[in-house]
Amino acid sequence: MDFIKTLSYIFHPSIVTFIGFTLIEVIKNLPFLDFIDTTVFFSLYPFLLVLALKRMGKVSDIMVTRKEERALPIILAIAGYLVGLLLTLFLLYDKVLVILETIYIIDSIIILLVTLKYKISVHVSTATGVAVSVSIILGLKYSFLFLIPLIVGYSRIREKAHTIGQVILGFILSAFTTSFLIVVLM
């Protein structure tokens, strides 16, 4: 495996999501159960879901590169996110986490709707959403996280997994949606 492809695996959406939620939970000193909730429902579940779908022949690869294969894993992932959100709402309740999980679900629904018509970079979209969320909630000192969507976008284009347009759309869509929703919901 070459370096460029390795970057796509290192910055897989499940891993970037884990990093983003964990940063916020640790720095805001949120309870450990919040960490368990986001790790299980927003990182492990979607990753294991894609592995299971690959094993069942429903997706051809763990990056779900074929546009026509993306709806099922995204819909099932959103179902898992909703379970995580419900647990956060009724058992753990932390306002910041409820807002972030809600934004993650809304972003995922938007990605699903766009993906039905046009392939978008979920890697870049997720990395951008995480960079925006962490930078707004924890401060601009975390704006270095915007390097992740740039690196990921470059690697996805170099791998020929996405066009420049698909990467740019993923970035713009997630940056706008996440920023707007944080401002409105906070």
# chains A, B, ... in the order shown; residues from 1 in each chain; ligands from 1

$ residues_around --residues "Val132 (chain A)" --least-positions-apart "5" --cutoff "8 Å" --atoms "only C-alpha atoms" --output "PyMOL selection string"
chain A and resi 143+146+175+178-179

$ residues_around --residues "Ile120 (chain A)" --least-positions-apart "2" --cutoff "12 Å" --atoms "only C-alpha atoms" --output "PyMOL selection string"
chain A and resi 64-68+70+108+110-118+122-126+153+156-157+161-174

$ residues_around --residues "Phe32 (chain A)" --least-positions-apart "6" --cutoff "12 Å" --atoms "only C-alpha atoms" --output "list in words"
Phe21, Thr22, Glu25, Val26, Thr38, Thr39, Leu92 and Asp94 of chain A

$ write_last_selection --atoms "N, CA and C atoms" --output "PDB file, in the first residue's frame"
ATOM      1  N   PHE A  21     -14.662  13.926  18.457  1.00  0.00           N
ATOM      2  CA  PHE A  21     -15.472  13.788  19.666  1.00  0.00           C
ATOM      3  C   PHE A  21     -14.587  13.645  20.900  1.00  0.00           C
ATOM      4  N   THR A  22     -13.520  12.848  20.789  1.00  0.00           N
ATOM      5  CA  THR A  22     -12.643  12.617  21.938  1.00  0.00           C
ATOM      6  C   THR A  22     -11.961  13.911  22.383  1.00  0.00           C
ATOM      7  N   GLU A  25     -14.558  15.928  24.236  1.00  0.00           N
ATOM      8  CA  GLU A  25     -14.932  15.298  25.506  1.00  0.00           C
ATOM      9  C   GLU A  25     -13.818  15.413  26.544  1.00  0.00           C
ATOM     10  N   VAL A  26     -12.577  15.245  26.131  1.00  0.00           N
ATOM     11  CA  VAL A  26     -11.462  15.321  27.074  1.00  0.00           C
ATOM     12  C   VAL A  26     -11.244  16.764  27.535  1.00  0.00           C
ATOM     13  N   THR A  38     -20.191   8.118  22.093  1.00  0.00           N
ATOM     14  CA  THR A  38     -19.743   8.596  20.775  1.00  0.00           C
ATOM     15  C   THR A  38     -18.806   7.607  20.107  1.00  0.00           C
ATOM     16  N   THR A  39     -17.981   6.940  20.893  1.00  0.00           N
ATOM     17  CA  THR A  39     -17.063   5.959  20.307  1.00  0.00           C
ATOM     18  C   THR A  39     -17.844   4.787  19.712  1.00  0.00           C
ATOM     19  N   LEU A  92     -27.365  10.555  29.396  1.00  0.00           N
ATOM     20  CA  LEU A  92     -26.104  11.238  29.677  1.00  0.00           C
ATOM     21  C   LEU A  92     -26.230  12.753  29.702  1.00  0.00           C
ATOM     22  N   ASP A  94     -25.585  16.021  27.836  1.00  0.00           N
ATOM     23  CA  ASP A  94     -24.647  17.133  27.801  1.00  0.00           C
ATOM     24  C   ASP A  94     -25.041  17.968  26.591  1.00  0.00           C
TER      25      ASP A  94
END

$ residues_around --residues "Val130 (chain A)" --least-positions-apart "6" --cutoff "8 Å" --atoms "only C-alpha atoms" --output "PyMOL selection string"
chain A and resi 16-17+20

$ write_last_selection --atoms "N, CA and C atoms" --output "PDB file, in the first residue's frame"
ATOM      1  N   VAL A  16     -11.539   9.928  12.112  1.00  0.00           N
ATOM      2  CA  VAL A  16     -11.592  11.385  12.274  1.00  0.00           C
ATOM      3  C   VAL A  16     -12.709  11.768  13.238  1.00  0.00           C
ATOM      4  N   THR A  17     -13.847  11.092  13.140  1.00  0.00           N
ATOM      5  CA  THR A  17     -14.963  11.336  14.052  1.00  0.00           C
ATOM      6  C   THR A  17     -14.549  11.020  15.484  1.00  0.00           C
ATOM      7  N   GLY A  20     -12.306  13.812  16.768  1.00  0.00           N
ATOM      8  CA  GLY A  20     -13.042  15.040  17.048  1.00  0.00           C
ATOM      9  C   GLY A  20     -13.860  14.966  18.327  1.00  0.00           C
TER      10      GLY A  20
END

$ atom_distance --atom1 "CA of Ala127 (chain A)" --atom2 "CA of Ile15 (chain A)"
9.5 Å

$ select_by_dssp --residues "region 18-77 of chain A" --states "helix (DSSP H, G or I)" --output "number ranges by chain"
A: 18-27, 32-55, 67-69, 71-77

$ write_last_selection --atoms "C-alpha atoms" --output "mmCIF file, in the first residue's frame"
data_model
loop_
_atom_site.group_PDB
_atom_site.id
_atom_site.type_symbol
_atom_site.label_atom_id
_atom_site.label_comp_id
_atom_site.auth_asym_id
_atom_site.auth_seq_id
_atom_site.Cartn_x
_atom_site.Cartn_y
_atom_site.Cartn_z
ATOM 1 C CA PHE A 18 -13.389 9.503 16.998
ATOM 2 C CA ILE A 19 -10.608 12.108 17.205
ATOM 3 C CA GLY A 20 -13.042 15.040 17.048
ATOM 4 C CA PHE A 21 -15.472 13.788 19.666
ATOM 5 C CA THR A 22 -12.643 12.617 21.938
ATOM 6 C CA LEU A 23 -10.864 15.996 21.793
ATOM 7 C CA ILE A 24 -14.032 17.816 22.791
ATOM 8 C CA GLU A 25 -14.932 15.298 25.506
ATOM 9 C CA VAL A 26 -11.462 15.321 27.074
ATOM 10 C CA ILE A 27 -10.914 19.092 26.948
ATOM 11 C CA PHE A 32 -16.582 8.811 30.429
ATOM 12 C CA LEU A 33 -20.021 7.510 29.406
ATOM 13 C CA ASP A 34 -20.179 10.293 26.802
ATOM 14 C CA PHE A 35 -16.918 8.986 25.377
ATOM 15 C CA ILE A 36 -18.336 5.445 25.274
ATOM 16 C CA ASP A 37 -21.511 6.680 23.539
ATOM 17 C CA THR A 38 -19.743 8.596 20.775
ATOM 18 C CA THR A 39 -17.063 5.959 20.307
ATOM 19 C CA VAL A 40 -19.571 3.119 19.978
ATOM 20 C CA PHE A 41 -22.306 4.807 17.926
ATOM 21 C CA PHE A 42 -20.411 7.391 15.864
ATOM 22 C CA SER A 43 -17.097 5.596 15.221
ATOM 23 C CA LEU A 44 -17.088 1.839 15.877
ATOM 24 C CA TYR A 45 -20.630 1.050 14.727
ATOM 25 C CA PRO A 46 -20.365 2.706 11.285
ATOM 26 C CA PHE A 47 -16.942 1.158 10.681
ATOM 27 C CA LEU A 48 -18.023 -2.333 11.736
ATOM 28 C CA LEU A 49 -21.225 -1.876 9.740
ATOM 29 C CA VAL A 50 -19.245 -1.270 6.541
ATOM 30 C CA LEU A 51 -17.061 -4.309 7.277
ATOM 31 C CA ALA A 52 -20.188 -6.439 7.726
ATOM 32 C CA LEU A 53 -21.752 -5.064 4.533
ATOM 33 C CA LYS A 54 -18.540 -5.852 2.656
ATOM 34 C CA ARG A 55 -18.547 -9.394 4.003
ATOM 35 C CA LYS A 67 -21.849 5.844 -5.439
ATOM 36 C CA GLU A 68 -24.631 3.340 -5.944
ATOM 37 C CA GLU A 69 -23.513 1.375 -2.846
ATOM 38 C CA ALA A 71 -27.131 4.776 0.470
ATOM 39 C CA LEU A 72 -27.486 1.592 2.553
ATOM 40 C CA PRO A 73 -24.430 2.110 4.791
ATOM 41 C CA ILE A 74 -25.257 5.791 5.282
ATOM 42 C CA ILE A 75 -28.883 5.043 6.201
ATOM 43 C CA LEU A 76 -27.855 2.291 8.629
ATOM 44 C CA ALA A 77 -25.139 4.527 10.104
#

$ closest_residue --among "A:Asp2, A:Thr128, A:Val83, A:Thr177" --to "Phe144 (chain A)" --atoms "only C-alpha atoms"
A:Thr128

$ residues_around --residues "region 101-106 of chain A" --least-positions-apart "3" --cutoff "8 Å" --atoms "only C-alpha atoms" --output "list in words"
Ile78, Tyr81, Leu82, Gly84, Leu85, Leu97, Val98, Ile109, Ile110, Gly129, Thr178, Leu181 and Ile182 of chain A
